[in-house]
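This is coords.tsv. It holds TSV, C-alpha atoms.
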```
chain	number	residue	atom	x	y	z
A	1123	MET	CA	-128.20	-52.45	-21.58
A	1124	LYS	CA	-127.39	-55.22	-24.02
A	1125	MET	CA	-130.11	-57.82	-24.53
A	1126	GLN	CA	-129.19	-61.39	-23.52
A	1127	LYS	CA	-129.51	-63.49	-26.69
A	1128	ILE	CA	-130.05	-66.86	-25.05
A	1129	ILE	CA	-132.26	-67.25	-21.97
A	1130	THR	CA	-132.64	-70.50	-20.06
A	1131	HIS	CA	-136.31	-71.47	-19.93
A	1132	LEU	CA	-137.36	-73.89	-17.19
A	1133	TRP	CA	-140.64	-75.84	-17.34
A	1134	PHE	CA	-142.31	-76.53	-14.00
A	1135	ASP	CA	-145.64	-78.18	-13.31
A	1136	ASP	CA	-147.00	-75.44	-11.02
A	1137	ARG	CA	-144.06	-74.21	-8.89
A	1138	ALA	CA	-142.41	-71.68	-11.22
A	1139	GLU	CA	-142.95	-68.71	-8.90
A	1140	GLU	CA	-141.76	-70.65	-5.83
A	1141	ALA	CA	-138.66	-71.83	-7.72
A	1142	ALA	CA	-137.78	-68.37	-9.02
A	1143	GLU	CA	-138.15	-66.86	-5.54
A	1144	PHE	CA	-135.98	-69.62	-4.07
A	1145	TYR	CA	-133.22	-69.21	-6.65
A	1146	VAL	CA	-133.21	-65.41	-6.21
A	1147	SER	CA	-132.82	-65.88	-2.45
A	1148	VAL	CA	-129.92	-68.32	-2.94
A	1149	PHE	CA	-127.96	-66.22	-5.45
A	1150	GLY	CA	-128.56	-62.85	-3.80
A	1151	GLU	CA	-126.64	-60.01	-5.46
A	1152	GLU	CA	-127.82	-59.03	-8.95
A	1153	SER	CA	-130.72	-61.48	-8.57
A	1154	SER	CA	-134.39	-60.55	-8.74
A	1155	ILE	CA	-137.82	-61.34	-10.13
A	1156	THR	CA	-138.17	-59.07	-13.17
A	1157	ASN	CA	-141.61	-59.91	-14.58
A	1158	LYS	CA	-144.61	-62.20	-14.28
A	1159	THR	CA	-147.26	-63.12	-16.82
A	1160	PHE	CA	-150.61	-64.66	-15.98
A	1161	TYR	CA	-152.88	-67.14	-17.70
A	1162	LEU	CA	-155.99	-65.84	-19.40
A	1163	ASP	CA	-159.19	-67.86	-19.84
A	1164	GLU	CA	-157.48	-69.83	-22.62
A	1165	GLY	CA	-154.98	-71.20	-20.09
A	1166	LYS	CA	-157.55	-73.66	-18.75
A	1167	GLU	CA	-158.14	-75.18	-22.19
A	1168	ILE	CA	-154.47	-75.58	-23.08
A	1169	HIS	CA	-152.68	-76.13	-19.75
A	1170	GLY	CA	-155.49	-76.66	-17.24
A	1171	ARG	CA	-154.61	-73.39	-15.49
A	1172	GLU	CA	-157.09	-70.93	-14.03
A	1173	ALA	CA	-157.27	-67.40	-15.41
A	1174	GLY	CA	-155.13	-65.12	-13.26
A	1175	SER	CA	-152.71	-67.85	-12.15
A	1176	VAL	CA	-149.01	-67.32	-12.81
A	1177	MET	CA	-147.91	-68.51	-16.26
A	1178	THR	CA	-144.29	-67.32	-16.41
A	1179	VAL	CA	-141.80	-65.72	-14.07
A	1180	ASP	CA	-138.81	-63.88	-15.51
A	1181	PHE	CA	-135.89	-63.62	-13.12
A	1182	GLN	CA	-132.20	-62.92	-12.98
A	1183	LEU	CA	-129.48	-64.76	-11.10
A	1184	ARG	CA	-126.27	-62.76	-10.84
A	1185	GLY	CA	-127.31	-60.81	-13.93
A	1186	GLN	CA	-128.16	-63.93	-16.01
A	1187	SER	CA	-131.77	-64.05	-17.27
A	1188	PHE	CA	-134.07	-67.05	-16.83
A	1189	THR	CA	-137.76	-67.74	-17.39
A	1190	ALA	CA	-139.80	-70.24	-15.38
A	1191	LEU	CA	-143.09	-71.56	-16.81
A	1192	ASN	CA	-146.00	-73.23	-15.03
A	1193	GLY	CA	-146.63	-75.54	-17.96
A	1194	GLY	CA	-148.15	-78.58	-16.31
A	1195	PRO	CA	-146.88	-82.07	-15.49
A	1196	HIS	CA	-146.06	-83.08	-19.08
A	1197	PHE	CA	-142.28	-82.71	-18.80
A	1198	GLN	CA	-139.83	-83.36	-15.97
A	1199	PHE	CA	-136.26	-82.23	-15.42
A	1200	SER	CA	-133.43	-84.71	-15.93
A	1201	GLU	CA	-129.67	-84.75	-15.63
A	1202	ALA	CA	-129.49	-84.37	-19.41
A	1203	ILE	CA	-129.17	-80.64	-18.75
A	1204	SER	CA	-127.68	-78.86	-15.76
A	1205	LEU	CA	-126.76	-75.37	-14.64
A	1206	LEU	CA	-123.09	-74.88	-13.78
A	1207	ILE	CA	-121.92	-72.63	-10.95
A	1208	THR	CA	-118.23	-71.72	-11.01
A	1209	CYS	CA	-117.08	-71.02	-7.46
A	1210	GLU	CA	-114.11	-68.95	-6.30
A	1211	ASP	CA	-113.31	-71.01	-3.21
A	1212	GLN	CA	-114.44	-73.89	-0.97
A	1213	GLU	CA	-116.63	-71.60	1.09
A	1214	GLU	CA	-118.63	-70.73	-2.02
A	1215	ILE	CA	-118.87	-74.40	-3.06
A	1216	ASP	CA	-120.13	-75.27	0.43
A	1217	TYR	CA	-122.65	-72.41	0.37
A	1218	PHE	CA	-124.27	-73.38	-2.94
A	1219	TRP	CA	-124.13	-77.09	-2.15
A	1220	ASN	CA	-125.87	-76.61	1.19
A	1221	LYS	CA	-128.52	-74.29	-0.27
A	1222	LEU	CA	-129.32	-76.30	-3.41
A	1223	SER	CA	-128.79	-80.01	-2.75
A	1224	ALA	CA	-132.04	-81.79	-1.92
A	1225	ASP	CA	-131.44	-85.36	-3.13
A	1226	PRO	CA	-128.36	-87.10	-1.70
A	1227	GLN	CA	-128.87	-89.98	-4.16
A	1228	ALA	CA	-128.30	-87.58	-7.06
A	1229	GLU	CA	-125.01	-86.19	-5.73
A	1230	GLN	CA	-121.91	-87.19	-7.68
A	1231	CYS	CA	-118.73	-85.48	-8.92
A	1232	GLY	CA	-119.95	-81.98	-8.11
A	1233	TRP	CA	-123.47	-82.58	-9.46
A	1234	LEU	CA	-126.59	-82.20	-7.35
A	1235	LYS	CA	-130.33	-82.00	-7.77
A	1236	ASP	CA	-132.43	-79.30	-6.06
A	1237	LYS	CA	-135.90	-79.60	-4.52
A	1238	PHE	CA	-137.50	-78.80	-7.89
A	1239	GLY	CA	-135.57	-81.52	-9.74
A	1240	VAL	CA	-133.17	-79.13	-11.49
A	1241	SER	CA	-129.60	-80.44	-11.81
A	1242	TRP	CA	-126.66	-78.20	-10.93
A	1243	GLN	CA	-122.89	-78.56	-11.15
A	1244	VAL	CA	-121.00	-76.78	-8.38
A	1245	VAL	CA	-117.34	-76.62	-9.40
A	1246	PRO	CA	-114.24	-74.66	-8.48
A	1247	GLN	CA	-112.74	-72.05	-10.74
A	1248	GLY	CA	-109.83	-73.69	-12.62
A	1249	MET	CA	-111.40	-77.16	-12.78
A	1250	ASN	CA	-111.14	-77.33	-16.59
A	1251	GLU	CA	-107.47	-76.38	-16.46
A	1252	MET	CA	-106.85	-79.11	-13.91
A	1253	LEU	CA	-108.61	-81.78	-15.98
A	1254	ASN	CA	-106.96	-80.62	-19.21
A	1255	GLY	CA	-103.45	-80.14	-17.82
A	1256	ASP	CA	-100.56	-82.56	-17.81
A	1257	PRO	CA	-102.10	-86.01	-18.52
A	1258	GLU	CA	-100.76	-87.68	-15.36
A	1259	ASN	CA	-101.82	-84.79	-13.14
A	1260	ALA	CA	-105.22	-84.65	-14.86
A	1261	LYS	CA	-105.70	-88.40	-14.38
A	1262	ARG	CA	-105.05	-88.09	-10.62
A	1263	ALA	CA	-107.43	-85.13	-10.35
A	1264	MET	CA	-110.11	-87.01	-12.32
A	1265	ARG	CA	-109.72	-90.08	-10.10
A	1266	ALA	CA	-110.10	-87.91	-7.00
A	1267	MET	CA	-113.14	-86.12	-8.42
A	1268	LEU	CA	-114.88	-89.40	-9.27
A	1269	GLN	CA	-114.72	-90.38	-5.57
A	1270	MET	CA	-116.44	-87.18	-4.41
A	1271	LYS	CA	-119.98	-85.97	-4.14
A	1272	LYS	CA	-119.38	-82.31	-3.23
A	1273	LEU	CA	-116.03	-81.24	-4.66
A	1274	ASP	CA	-113.19	-80.55	-2.25
A	1275	ILE	CA	-110.77	-78.07	-3.82
A	1276	GLN	CA	-107.83	-78.98	-1.58
A	1277	LYS	CA	-108.15	-82.71	-2.27
A	1278	LEU	CA	-108.42	-82.03	-6.01
A	1279	GLN	CA	-105.35	-79.80	-5.97
A	1280	ASP	CA	-103.40	-82.31	-3.89
A	1281	ALA	CA	-104.30	-85.10	-6.31
A	1282	PHE	CA	-103.40	-82.93	-9.29
A	1283	LYS	CA	-99.99	-82.09	-7.82
A	1284	GLY	CA	-99.31	-85.71	-6.90
```
Target encoding structure tokens, full file:
Amino acid sequence: MKMQKIITHLWFDDRAEEAAEFYVSVFGEESSITNKTFYLDEGKEIHGREAGSVMTVDFQLRGQSFTALNGGPHFQFSEAISLLITCEDQEEIDYFWNKLSADPQAEQCGWLKDKFGVSWQVVPQGMNEMLNGDPENAKRAMRAMLQMKKLDIQKLQDAFKG
């Protein structure tokens, strides 16, 4: 098996294990917890963590590797980085949106924020082609997208086609 060169590393205060388990349950197939590491006595000095508590959780979502760290409250997630889910159809968009979205105020143009503060983009397959197609068609699709929270494939396609 080929090693994944780049692994997304997510910093949580103290909910890394809970987050990894949640994401694995949402993504299902080819998703699992693959490893856990635990703080030693030194963890209390550096991160305020008790020896034996979970430090990192390695997990896979649809074959993509991630690591979650219980690193303390020093850093918070922001919209400056997001994870993008490319969906085959509206049913898949609806599924991920319903499972992940936890902050209606953060929903815009296919972006959402989950209960851990992680930002996600839930978009249909072919979105880039639509937005990079014929300029007039792309403009109509962009205008339609900017009015949406959760993306509606049919409305985007209708706008694109004019």
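For the set A:Val1146, A:Val1245, A:Ala1228, A:Val1240, the residue with the smallest atom-to-atom gap to Ser1187 in chain A is A:Val1146, counting all atoms listed in the file.
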Within 8 Å of Thr1159 in chain A, counting all atoms listed in the file, which residues qualify if same-chain residues fewer than 5 places away don't, as a PDB file with C-alpha atoms, in the coordinates of the input?
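Produced file selection.pdb, reproduced below:
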```pdb
ATOM      1  CA  VAL A1176    -149.010 -67.320 -12.810  1.00  0.00           C
ATOM      2  CA  MET A1177    -147.910 -68.510 -16.260  1.00  0.00           C
ATOM      3  CA  THR A1178    -144.290 -67.320 -16.410  1.00  0.00           C
ATOM      4  CA  VAL A1179    -141.800 -65.720 -14.070  1.00  0.00           C
TER       5      VAL A1179
END
```
Atom pair CA of Gln1269 in chain A + CA of Val1148 in chain A, distance 26.9 Å
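Considering the residues A:Phe1188, A:Phe1218, A:Phe1282, A:Phe1238 and counting only C-alpha atoms, Asp1136 in chain A has its shortest atom-to-atom contact with A:Phe1238.
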Atomic distance CA of Ile1207 in chain A - CA of Arg1184 in chain A, expressed in Å with one decimal: 10.8 Å
Within 10 Å of Gly1170 in chain A, counting only C-alpha atoms, which residues show up once you throw out same-chain ones fewer than 6 positions away? Write them as an MDAnalysis selection string, please. chainID A and resid 1161 1163:1164 1193:1194
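Our summary of the geometry notes that CA of Glu1201 in chain A is positioned 25.3 Å from CA of Arg1262 in chain A.
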With all atoms listed in the file as the basis for distance, which of A:Ala1190, A:Cys1231, A:Ile1168, A:Leu1268 is at the shortest distance from Glu1139 in chain A? A:Ala1190
Distance query range 1141-1143 of chain A at most 12 Å, all atoms listed in the file, self and fewer than 2 positions along chain excluded, as a PyMOL selection string: chain A and resi 1131-1139+1145-1150+1153-1158+1176+1178-1183+1187-1192+1222+1236-1240
So that I can check the surroundings of Met1270 in chain A, please list as an MDAnalysis selection string every protein, DNA and RNA residue that reaches within 10 Å of it, counting only C-alpha atoms and ignoring chain neighbours fewer than 3 positions away. chainID A and resid 1229:1233 1265:1267 1273:1274 1277:1278
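Near Leu1234 in chain A, within 9 Å and counting only C-alpha atoms, sit A:Trp1219, A:Leu1222, A:Ser1223, A:Ala1224, A:Asp1225, A:Pro1226, A:Gln1227, A:Ala1228, A:Glu1229, A:Gln1230, A:Val1240, A:Ser1241, A:Trp1242, A:Gln1243, A:Val1244, A:Lys1271, A:Lys1272, not including residues fewer than 4 positions from it in the same chain.
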